Structures are given as C-alpha cells and as structure tokens.
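Report on the following structure.
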Amino acid sequence: MNLDLPALLAQTALLLLMAPLLSGLIKNWKAKLQNRRGPRIWQPYFDVVKFLRKDMVISEHASWIFLVTPYVVFVTALSAGLMVPMITAHAPMSLFGGALALVGLLALGRFFLALGGLDPASAFGGMGSSREMTLSAIAEPAMMLAIFTVAIAAGSTNLSQIVLASHGPHWKFLDPSHALAFAAMFIVLLAETGRIPVDNPATHLELTMIHEAMLLEYSGRYLALIEWGASIKQLVLMSLLANIFFPVGLAADATPAAFGLGLLFLVAKLVLLAGAVVLVETTNAKLRLFRVPDLLSVAFMLGTLALVSTFLF
Amino acid sequence: MNLLPSLVSIFDELTQRFGAQIEHAHAPQPNELYLHAKRELAGALCSTFYKKYDGRLAGVFAEDARAEHDVFFVYYLYALDSKHAFVLVRVPIPAEQPELLSLTNAVHAANWQEREIQDLFGIKLVGHPNPRRVVLHDDWPEIYPLRKDFDLRTELPPFTGVRHKFREVEGEGVFQVPVGPVHAGIIEPGHFLFSVAGEPVLYLQLRLFYVHKGTEKLFESLPIPHCLRLAESISGDSSFAHATAFCHAVERAASVEAPPRARALRTLCLELERLYNHVADIGAICTDVAFVTANMHAMRLKERVLRVNEQLTGNRLLRGMACLGGVRFDFDADQLRVLAQLVNEFEKEFTELVELIRSNSGTRDRLETTGVLKPEVARNLGIVGIAGRASGFDHDLRRDFPHDFYNEVQFTVPVFTEGDVQRRMVVRREELFQSFAIIRQVLGKLPSGSIRTAVDEVPPDRVALGYVEGWRGEIFHWIHTAPGNRLARCKIKDPSLQNWPALSEAILGNIIPDFPVVNKSFNFSYSGTDR
C-alpha cells in the first residue's frame with residue numbers, strides 16, 4: 001500500500017464535492033427529458049446539508065449494526081474511490097489486489113447496508129436487503145469478469161496499471177473484448193446505482209424498492225451519510241467506466257495545466273456517461289423483479305465473452 | 001303499475017310462483033319495481049333473479065322503520081341488465097329479534113354490505129361465513145349509528161375494545177408485510193397485510209374503513225337541497241357523478257324530470273369527469289412501472305381538462321355544477337367552442353400518448369398477465385365498472401339503463417376477458433375514445449331551452465333510486481323521503497365498496513413489488529367505501 005498525501009487529499013475532495021453534482025445532473029436531465037423543469041443540479045448538496053442538520057429518529061429495536069452502517073457505507077465508497085484513477089493515471093491509493101480490493105470494498109459497504117436494512121426489523125428493510133443481495137450475487141461476478149478482461153490485457157489488476165497500459169498507442173476501443181466488457185460494466189453500473197430498469201430511485205412505493213427500501217429507517221445525519229456515500233459510489237463506478245475504457249485526457253505530468261485538462265476530460269466523460277444513463281432511464285420501464293436477474297445474466301455473459309475473446313483476438 | 005314490458009312478464013311469473021309470499025308490489029318508475037316479501041323469501045328470490053333473469057345483486061342496505069312499522073327493512077337491489085330494470089326486494093326484520101339470514105355464502109358480493117348492516121344497524125347476521133366487524137372497527141363501542149334513536153351528536157365513549165386480529169398465515173419462510181394504514185403518497189388510509197413467501201404473495205388482507213364519516217347519517221339531518229353538496233363530497237374524484245346520482249334520486253322521488261339541455265350538460269360533465277380520471281389513471285399505471293415520461297404527458301392532459309372544467313363550471317373538479325332538477329350553469333357558445341376544441345386537441349395528444357405507451361415494450365411486459373382477475377372470480381364477487389369490464393363483465397349503466405342524454409348518443413362498451421392490469425388500462429383507453437365521440441355527439445345535437453326544472457318540496461314517504469355510471473363504475477343513491485323536505489334514509493353505493501375484495505384475489509400468485517401497479521389499475525375510492 002503506497003500513499004501520496006496531497007493526491008489523496010485532492011481526490012478525496014474531488015469525490016466528496018463532485019458526487020452530489022453528478023446525482024443532481026442526472027436528476028435534472030431526467031426531468032428535462034420528461035418535460036419537467038426538475039430540481040436544480042446542486043439540489044443534492046442542499047439535501048445533504050439539510051439531512052446533516054436534522055434530528056435522527058432511530059428505532060428502539062436497532063442495534064449497533066444500524067449505527068455503524070452509515071459510516072461503513074460512506075468510508076468504503078470513499079476509499080474505493082481513492083483507488084480509481086480520476087484525473088491522473090495514478091490513483092492515490094492502491095491496496096493489495098487492486099481491482100479486487102475495490103470490488104471487495106463496495107461489497108463490504110453493500111453487506112453492511114443490507115444488515116442495516118434488516119436490523120430494525122421493519123418489513124420493507126428486510127425486503128430491500130433480500131432483493132439487493134439476490135441481485136448483487138449476479139452483478140458482482142459480472143463486474144469482476146469485465147474488470148478481469150481489461151486486467152488480462154494490462155497484465156495487472158492494479159487499476160493504475162490497467163489505465164497506464166491501455167493509455168497509449170495500443171489502446172483501441174473497437175477491440176471486441178473491450179466493447180463487450182464495457183457493455184457488461186454499463187449494465188452493472190445501472191444495477192449498482194439503482195437505476196431504471198433495475199430499481200427506481202425516484203419512487204415512493206416501498207413495495208417496489210430495492211436500494212431505497214434499505215434506507216427507509218434512516219434519517220438525519222445517517223441518511224445524509226448514506227445518500228452521500230451512494231452518490232460517491234455512483235461517481236466511482238462511472239469514473240472507473242470512463243477511465244478504464246476511455247483513458248484519454250488523463251494528466252500525464254504533475255503540472256496545473258495537465259491537471260486542469262485531466263479534470264475537464266473527466267467531467268466531459270462523466271457527462272456523456274450520465275447522458276447515457278438518463279436516456280436508458282427515461283426510455284425504459286422498470287423490469288419485473290424476477291426479470292432483473294435475466295438482465296444481469298446478460299451482463300455476466302457479456303463479461304464472460306469479453307474475457308474469452310481476449311484470448312481469441 | 002306502469003312497468004317496462006320486460007318487467008311485466010317477470011313480475012307475473014314471480015307473483016305466480018311465490019303468490020301471497022310477496023305481500024305487496026309497487027313501481028314508482030317503469031324500471032324500478034319494489035317487492036315487499038316475507039323475510040324467508042329473500043334467498044329464494046335471490047336465486048331466482050340470478051338463475052332465471054340474469055340478474056345480479058347490486059346492493060344490500062337496511063332502513064330503520066321501527067317508529068312506523070316496528071321493524072327494520074332490508075332492501076336487496078337487483079340489477080337485471082339485459083331487461084334494463086331494477087328490482088328492489090324489501091324484507092322486514094322484527095325489531096325484537098333483529099336477525100338477518102346472510103346471502104353471502106351464495107353471493108359473495110353481499111359480504112361487506114351485509115356486515116355493514118350488522119355494524120351500523122345492529123342486525124345480527126345468521127350464517128355469514130365471516131361475521132366480523134368491518135365498518136366500525138373491533139375497538140369501537142357497541143353503537144348502531146344508523147338507528148334512528150342514535151343521536152348524530154352522540155359523544156362516543158373511549159375506544160376500549162380489542163384491536164382487530166388479522167388471520168395468520170403460517171409456514172416456513174412465510175412473512176407478514178404490513179403496509180399502511182398511513183401511506184407514503186397523499187391517499188386515504190387503508191391497511192394491507194401481505195403474507196409472503198419470499199416475493200410471491202400468498203394472501204392479502206385488506207382493512208379499510210379507518211375514517212368513518214357517518215355520511216349516510218348526515219343525509220338524514222339536512223334539508224334535501226343541502227344534501228346535494230354533501231353528495232358531492234362522498235368521493236372527491238367522482239363528485240359530479242355522485243351529485244348527479246343523488247339528483248336523479250330526488251327528481252324521481254319528486255316526479256320531475258330535468259329538461260333536455262340539462263340532461264345533455266350533465267352528460268358532458270360526466271364525460272369530462274371520466275376524461276380527467278381515466279387519463280390520470282393511465283399515467284399513474286405507467287408511473288408504477290417507472291415509465292414516468294408517459295405519466296408526465298398524462299398529467300399535462302389531465303390538467304388541460306381540469307382547466308376547461310373550471311372555464312365551464314367555475315370549478316376544476318366540477319363541484320357546484322350539479323343541481324336538483326338540472327344543472328346550475330349553462331354553457332354559452334364560447335364555452336362550447338372551448339369544449340369542442342379540448343376534445344379535438346385532447347384526442348390528438350392522447351393518441352400520441354397511447355402510441356408512446358404502446359411502443360414501450362417494457363411497460364407492456366410489466367402490465368400483461370399481471371394482477372389477473374379471472375372472469376369467474378369477478379362475476380362471483382360482483383365486480384362492476386372498469387374492473388368488471390376488463391374481466392369479461394359486459395355491463396354499463398349508460399347503455400343498459402340510459403340516464404341523462406345517453407339514449408341519444410351512440411357508443412360502444414369495451415369489454416375484455418383477460419382481466420390483467422393491461423386490460424384495465426385498455427378499457428380506460430377505449431372508454432376515453434368513446435367519451436370523445438359522446439361529447440362530440442352531444443355537442444352536435446345540444447338541445448336548447450332551460451337548464452333547470454324547479455324541484456319543490458319533495459313529498460314524504462317516497463322511495464327512489466338514482467343511478468349514474470361514474471368513471472369508476474355504477475353509483476347508486478337510494479332515498480326514502482321524510483316530511484319537511486328531508487330524507488329518512490339515503491343509501492350511497494359507490495362501486496368501490498363492492499370492488500375492493502377484487503384486489504385480494506387479483507394479487508394472488510403475483511409478486512409483492514407488482515402490488516402497487518395492480519392496486520393502481522383498480523384505483524378504488526377509500527372515501528366512497530367508507531362514507
């Protein structure tokens with residue numbers, strides 16, 4: 001594990017500040033496509049501040065698990081984010097295992113969130129946890145396969161190495177294995193961030209919820225942490241997708257100009273990706289719950305094909 | 001008696017068969033026959049109507065007549081759709097032994113209504129499969145609010161009774177998921193207890209009637225003209241339909257008829273009410289499967305209708321338009337032009353919305369085969385209105401018992417047999433297209449003349465049935481007048497009262513995340529159920 005303190009601080013700030021904006025942008029664009037004016041794109045900041053100020057109502061049946069979950073979710077998302085190259089190819093933190101550690105961290109956050117949903121013993125939380133675990137059992141392997149595809153090409157599971165390897169003359173997007181892996185990862189992104197057609201982040205219908213059902217018992221500061229953590233996780237996954245498969249514009253040297261350009265490219269890629277997510281969300285209805293595994297199996301198959309095709313081409 | 005020809009033969013056959021057991025018969029209207037029978041005859045008459053005359057029990061209600069006759073009367077309202085006639089069977093229940101032989105085992109549609117009589121009149125049900133309380137919850141004190149000796153201003157003692165015990169479903173991995181009575185949306189209270197094994201629903205128990213408002217009792221306390229405003233507030237989304245049903249009842253009791261122009265304007269308003277409710281429901285069904293874009297268009301269309309409603313009647317929900325003997329406001333040429341323009345533009349945009357929904361295969365996949373209410377189940381439960389028509393029950397008061405201007409216009413009644421969410425949406429869609437045609441025809445032949453017949457004091461001791469096919473289904477108002485231009489009894493029958501149990505049946509075998517869309521496809525009224 002190597003640490004680069006200024007880079008670490010800078011990326012932490014970037015993750016914390018940019019994540020709500022990305023959520024806000026998606027919400028706003030979604031509204032626009034639905035002929036609504038929609039909330040301001042910086043509304044999620046106000047939401048976080050509002051939640052941080054509010055009192056918390058905690059079920060008397062809740063145990064310590066319920067209380068530590070928000071912190072675990074927040075910290076795992078943030079530390080996963082520190083392992084993803086965002087502006088430069090060098091991520092400020094790398095743990096043993098690289099991409100595997102990243103998937104593991106996200107899984108840890110999810111595991112605690114599911115426990116947090118179960119802990120207060122409310123009916124909706126349990127349903128949400130059960131659905132989340134069912135779906136992640138397929139989504140996670142699909143993500144691993146997609147990452148392995150690029151890892152094999154790079155000869156390393158270290159995300160910085162992957163980006164560096166694909167950064168340069170050898171990178172070609174039309175490489176079938178990359179295209180397949182990207183498709184798999186995009187489906188996983190929709191599932192992991194609770195988007196239509198897998199989950200509906202904007203619904204008030206508890207019975208249909210997956211991610212939101214686990215949060216129903218949370219309020220105040222804890223809710224702020226979880227919501228913020230969820231938006232960070234979304235930013236992490238989208239940056240991962242953007243930089244592994246399109247490693248253009250990453251800062252090559254440590255000059256302010258290069259950093260500025262890197263940031264610009266990152267924002268541009270995220271905006272494009274957000275646009276794709278918004279398009280999928282507005283043009284699709286939510287799948288029947290029992291059809292969601294089919295969609296995720298497609299992601300899994302795409303990942304498998306991607307992996308196989310790295311050996312063929 | 002001045003009876004419909006189709007009813008004369010039925011009446012003759014009944015008098016031949018039951019003879020003196022039918023003590024008295026009268027027909028205040030050609031399509032409304034009253035049979036006063038012995039209490040024991042209720043079951044036999046019921047099976048006769050069902051088996052021989054293609055009839056159905058559209059309502060059961062009671063009346064406290066102990067002051068005059070020393071009995072309670074229980075009325076069975078049969079609708080003989082194919083004969084275009086209603087038959088009301090009245091049986092006496094002795095006051096000293098208030099017991100009623102239940103028909104629920106034979107006709108499930110009577111279930112809640114019989115229990116309502118038990119709760120509100122204290123008439124004990126005999127032979128009912130589930131005689132637990134329904135309207136007044138288990139913790140209520142022993143009171144019978146619709147008895148005449150119960151004062152409206154009675155202060156109730158504290159509720160000390162035991163809480164309702166739900167049935168328990170047991171088994172490995174079976175969980176109970178309680179939802180409500182307070183919900184996340186702005187809707188009225190209702191408790192849904194799901195018993196689930198994983199996601200599939202094994203059993204759904206409904207508990208409604210959380211806000212009993214005593215509306216029927218209130219009707220007895222007001223002069224008839226004031227009752228109209230009360231009728232408007234029975235179910236907010238059907239305010240014009242309920243008010244018109246009440247007007248029909250009073251007009252029939254007073255033997256007056258609304259002038260042709262008033263009947264035409266009523267028809268227009270009823271169709272406008274159908275328009276805004278159906279389009280909102282179609283949008284809401286799409287929202288519940290997360291196809292929000294369609295809902296946004298639907299909301300926009302609904303808003304247009306509401307604004308036209310306001311331009312025409314001064315109220316977005318058509319309140320204040322209904323009036324005894326006719327309607328309150330006439331439409332001038334400008335207003336009629338606005339309405340004609342609304343229909344043209346609405347139809348065009350609605351066609352586009354239909355195409356948007358139709359082209360979204362994901363939405364269709366969610367709606368088809370979801371929440372199936374089989375025709376035989378619907379028939380057994382007596383499900384009426386759009387829910388009934390989506391499950392193969394071909395009926396519509398507008399066609400079978402034409403009221404207002406409906407006998408002057410041509411339209412078809414869409415009926416499907418699949419009974420799933422998709423068909424309940426398609427019934428709405430097709431009815432909207434029929435509504436456009438109806439409104440155009442009415443506008444084309446709008447009679448001139450007055451818009452109101454004066455309704456003076458209504459004579460006492462008249463009985464009359466008012467009925468309207470609201471957007472949700474058939475609405476009945478049955479009144480019995482009292483001296484002083486007041487009512488001795490007003491029974492309100494909203495289609496939801498009878499339709500709610502359909503939800504428990506339709507959800508079986510579905511998974512719990514599909515419940516909201518199944519519920520929305522029925523869109524029952526809480527307020528109309530718990531008056």
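FYI, nothing fancy with the structure tokens labels: chains A, B, ... in order, residues from 1 per chain, ligands from 1 as they appear.
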Range 159-174 of chain B environment, 9 Å, only C-alpha atoms, sequence neighbours closer than 6 positions dropped, as a JSON list (two decimals) with N, CA and C atoms, in the first residue's frame:
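Wrote result_23.json, looks like this:
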```json
[["chain", "number", "residue", "atom", "x", "y", "z"],
["B", 133, "ARG", "N", -66.53, -7.57, 12.40],
["B", 133, "ARG", "CA", -66.85, -6.17, 12.11],
["B", 133, "ARG", "C", -66.11, -5.69, 10.88],
["B", 137, "HIS", "N", -64.64, -0.48, 13.47],
["B", 137, "HIS", "CA", -63.59, -1.45, 13.81],
["B", 137, "HIS", "C", -63.85, -2.09, 15.17],
["B", 138, "ASP", "N", -63.11, -3.17, 15.41],
["B", 138, "ASP", "CA", -63.37, -4.00, 16.58],
["B", 138, "ASP", "C", -63.29, -3.24, 17.90],
["B", 139, "ASP", "N", -62.49, -2.17, 17.94],
["B", 139, "ASP", "CA", -62.33, -1.48, 19.21],
["B", 139, "ASP", "C", -63.43, -0.44, 19.46],
["B", 140, "TRP", "N", -64.35, -0.29, 18.50],
["B", 140, "TRP", "CA", -65.44, 0.66, 18.70],
["B", 140, "TRP", "C", -66.39, 0.16, 19.79],
["B", 141, "PRO", "N", -67.04, 1.09, 20.49],
["B", 141, "PRO", "CA", -68.06, 0.68, 21.46],
["B", 141, "PRO", "C", -69.29, 0.13, 20.74],
["B", 193, "LEU", "N", -52.27, -6.17, 4.66],
["B", 193, "LEU", "CA", -51.35, -7.11, 5.30],
["B", 193, "LEU", "C", -51.07, -8.24, 4.32],
["B", 195, "SER", "N", -49.15, -11.68, 3.29],
["B", 195, "SER", "CA", -48.40, -12.83, 3.76],
["B", 195, "SER", "C", -47.62, -13.32, 2.57],
["B", 196, "VAL", "N", -46.30, -13.26, 2.70],
["B", 196, "VAL", "CA", -45.47, -13.57, 1.54],
["B", 196, "VAL", "C", -44.51, -14.71, 1.85],
["B", 197, "ALA", "N", -44.20, -15.49, 0.82],
["B", 197, "ALA", "CA", -43.13, -16.47, 0.91],
["B", 197, "ALA", "C", -42.08, -15.99, -0.07],
["B", 198, "GLY", "N", -41.11, -15.27, 0.43],
["B", 198, "GLY", "CA", -40.18, -14.60, -0.48],
["B", 198, "GLY", "C", -40.92, -13.44, -1.12],
["B", 202, "LEU", "N", -48.96, -14.83, -0.81],
["B", 202, "LEU", "CA", -49.82, -15.98, -0.54],
["B", 202, "LEU", "C", -51.23, -15.54, -0.19],
["B", 203, "TYR", "N", -51.33, -14.38, 0.46],
["B", 203, "TYR", "CA", -52.62, -13.97, 0.99],
["B", 203, "TYR", "C", -52.55, -12.48, 1.28],
["B", 205, "GLN", "N", -54.74, -9.41, 3.16],
["B", 205, "GLN", "CA", -55.90, -8.98, 3.93],
["B", 205, "GLN", "C", -56.01, -7.47, 3.86]]
```
Shell of 10 Å around Lys233 in chain A, only C-alpha atoms, local chain residues under 3 positions omitted, as a PDB file with N, CA and C atoms, in the first residue's frame:
```pdb
ATOM      1  N   LEU A  15     -13.955  13.654  -4.889  1.00  0.00           N
ATOM      2  CA  LEU A  15     -15.041  12.670  -4.738  1.00  0.00           C
ATOM      3  C   LEU A  15     -16.193  13.257  -3.942  1.00  0.00           C
ATOM      4  N   ALA A  19     -19.549  14.176  -6.356  1.00  0.00           N
ATOM      5  CA  ALA A  19     -20.566  13.116  -6.360  1.00  0.00           C
ATOM      6  C   ALA A  19     -21.996  13.666  -6.322  1.00  0.00           C
ATOM      7  N   VAL A  73     -20.688   2.453   5.000  1.00  0.00           N
ATOM      8  CA  VAL A  73     -21.071   2.709   3.608  1.00  0.00           C
ATOM      9  C   VAL A  73     -20.297   3.896   3.055  1.00  0.00           C
ATOM     10  N   PHE A  74     -20.227   4.937   3.859  1.00  0.00           N
ATOM     11  CA  PHE A  74     -19.557   6.154   3.410  1.00  0.00           C
ATOM     12  C   PHE A  74     -18.070   5.918   3.200  1.00  0.00           C
ATOM     13  N   THR A  76     -16.352   3.061   2.874  1.00  0.00           N
ATOM     14  CA  THR A  76     -15.985   2.099   1.824  1.00  0.00           C
ATOM     15  C   THR A  76     -16.106   2.743   0.450  1.00  0.00           C
ATOM     16  N   ALA A  77     -17.174   3.518   0.254  1.00  0.00           N
ATOM     17  CA  ALA A  77     -17.336   4.166  -1.056  1.00  0.00           C
ATOM     18  C   ALA A  77     -16.191   5.134  -1.306  1.00  0.00           C
ATOM     19  N   LEU A  78     -15.852   5.890  -0.269  1.00  0.00           N
ATOM     20  CA  LEU A  78     -14.798   6.890  -0.422  1.00  0.00           C
ATOM     21  C   LEU A  78     -13.457   6.222  -0.684  1.00  0.00           C
ATOM     22  N   SER A  79     -13.143   5.172   0.088  1.00  0.00           N
ATOM     23  CA  SER A  79     -11.827   4.563  -0.099  1.00  0.00           C
ATOM     24  C   SER A  79     -11.764   3.799  -1.413  1.00  0.00           C
ATOM     25  N   ALA A  80     -12.913   3.260  -1.857  1.00  0.00           N
ATOM     26  CA  ALA A  80     -12.918   2.646  -3.186  1.00  0.00           C
ATOM     27  C   ALA A  80     -12.599   3.714  -4.228  1.00  0.00           C
ATOM     28  N   GLY A  81     -13.143   4.902  -3.998  1.00  0.00           N
ATOM     29  CA  GLY A  81     -12.909   5.993  -4.934  1.00  0.00           C
ATOM     30  C   GLY A  81     -11.456   6.403  -5.008  1.00  0.00           C
ATOM     31  N   LEU A 106     -16.611  -2.266  -2.106  1.00  0.00           N
ATOM     32  CA  LEU A 106     -18.004  -1.972  -2.425  1.00  0.00           C
ATOM     33  C   LEU A 106     -18.920  -3.055  -1.859  1.00  0.00           C
ATOM     34  N   GLY A 109     -19.464  -2.479   1.816  1.00  0.00           N
ATOM     35  CA  GLY A 109     -20.462  -1.438   2.034  1.00  0.00           C
ATOM     36  C   GLY A 109     -21.863  -1.982   1.834  1.00  0.00           C
ATOM     37  N   LEU A 189     -23.360  -1.027 -13.865  1.00  0.00           N
ATOM     38  CA  LEU A 189     -23.482   0.334 -13.333  1.00  0.00           C
ATOM     39  C   LEU A 189     -24.944   0.674 -13.039  1.00  0.00           C
ATOM     40  N   GLU A 192     -25.930  -1.349  -9.944  1.00  0.00           N
ATOM     41  CA  GLU A 192     -25.255  -0.942  -8.710  1.00  0.00           C
ATOM     42  C   GLU A 192     -25.715   0.425  -8.231  1.00  0.00           C
ATOM     43  N   THR A 193     -26.129   1.288  -9.168  1.00  0.00           N
ATOM     44  CA  THR A 193     -26.556   2.615  -8.746  1.00  0.00           C
ATOM     45  C   THR A 193     -28.081   2.697  -8.634  1.00  0.00           C
ATOM     46  N   GLU A 227     -26.775   8.628   1.730  1.00  0.00           N
ATOM     47  CA  GLU A 227     -27.079   9.213   0.422  1.00  0.00           C
ATOM     48  C   GLU A 227     -25.799   9.726  -0.242  1.00  0.00           C
ATOM     49  N   TRP A 228     -24.981  10.385   0.567  1.00  0.00           N
ATOM     50  CA  TRP A 228     -23.714  10.907   0.054  1.00  0.00           C
ATOM     51  C   TRP A 228     -22.834   9.748  -0.389  1.00  0.00           C
ATOM     52  N   GLY A 229     -22.772   8.723   0.455  1.00  0.00           N
ATOM     53  CA  GLY A 229     -21.981   7.532   0.114  1.00  0.00           C
ATOM     54  C   GLY A 229     -22.464   6.901  -1.184  1.00  0.00           C
ATOM     55  N   ALA A 230     -23.783   6.844  -1.343  1.00  0.00           N
ATOM     56  CA  ALA A 230     -24.335   6.226  -2.560  1.00  0.00           C
ATOM     57  C   ALA A 230     -23.961   7.041  -3.791  1.00  0.00           C
ATOM     58  N   VAL A 236     -17.737   6.809  -8.392  1.00  0.00           N
ATOM     59  CA  VAL A 236     -16.607   5.884  -8.502  1.00  0.00           C
ATOM     60  C   VAL A 236     -16.806   4.941  -9.673  1.00  0.00           C
ATOM     61  N   LEU A 237     -18.008   4.349  -9.749  1.00  0.00           N
ATOM     62  CA  LEU A 237     -18.263   3.383 -10.823  1.00  0.00           C
ATOM     63  C   LEU A 237     -18.219   4.057 -12.186  1.00  0.00           C
ATOM     64  N   MET A 238     -18.758   5.266 -12.244  1.00  0.00           N
ATOM     65  CA  MET A 238     -18.769   5.937 -13.534  1.00  0.00           C
ATOM     66  C   MET A 238     -17.370   6.381 -13.947  1.00  0.00           C
ATOM     67  N   SER A 239     -16.557   6.825 -12.978  1.00  0.00           N
ATOM     68  CA  SER A 239     -15.171   7.187 -13.298  1.00  0.00           C
ATOM     69  C   SER A 239     -14.398   5.960 -13.757  1.00  0.00           C
TER      70      SER A 239
END
```
TODO: Specify as a list in words all residues of chain B found within 6 Å of chain A, counting only C-alpha atoms.
DONE: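 My answer is Val177, Val289, Ala290, Phe291, Thr293, Gly362, Thr363 and Pro513 of chain B.
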Open item on the list: Which of range 83-284 of chain B end up as strand (DSSP E or B) when DSSP is run on this backbone - answer as a PyMOL selection string?
Closed with: chain B and resi 85-94+99-101+124-126+174-179+191-197+200-207+223
- [ ] Quote the spacing between CA of Leu88 in chain B and CA of Ser47 in chain B in Å to one decimal place.
- [x] 14.1 Å
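Between CA of Ala464 in chain B and CA of Ile479 in chain B there is a distance of 5.5 Å.
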Task: Selection: 8 Å around Lys302 in chain B, only C-alpha atoms, excl. self and same-chain fewer than 5 positions, as a PyMOL selection string - done: chain B and resi 275-277+279-280
TODO: With a distance cut-off of 8 Å and only C-alpha atoms, select the neighbouring residues of Leu223 in chain A, excluding the residue or stretch itself and same-chain residues fewer than 6 positions from it, and output the selection as a ChimeraX atom specification.
DONE: /A:51,70,215
Open item on the list: Taking 3 positions as the minimum chain separation for residues in the same chain, which residues sit within 7 Å of Leu101 in chain B when counting only C-alpha atoms? Answer as number ranges by chain.
Closed with: B: 125-127
Task: One-decimal distance in Å that lies between CA of Thr267 in chain B and CA of Phe405 in chain B - done: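 Straight-line distance from CA of Phe405 in chain B to CA of Thr267 in chain B works out to 5.9 Å.
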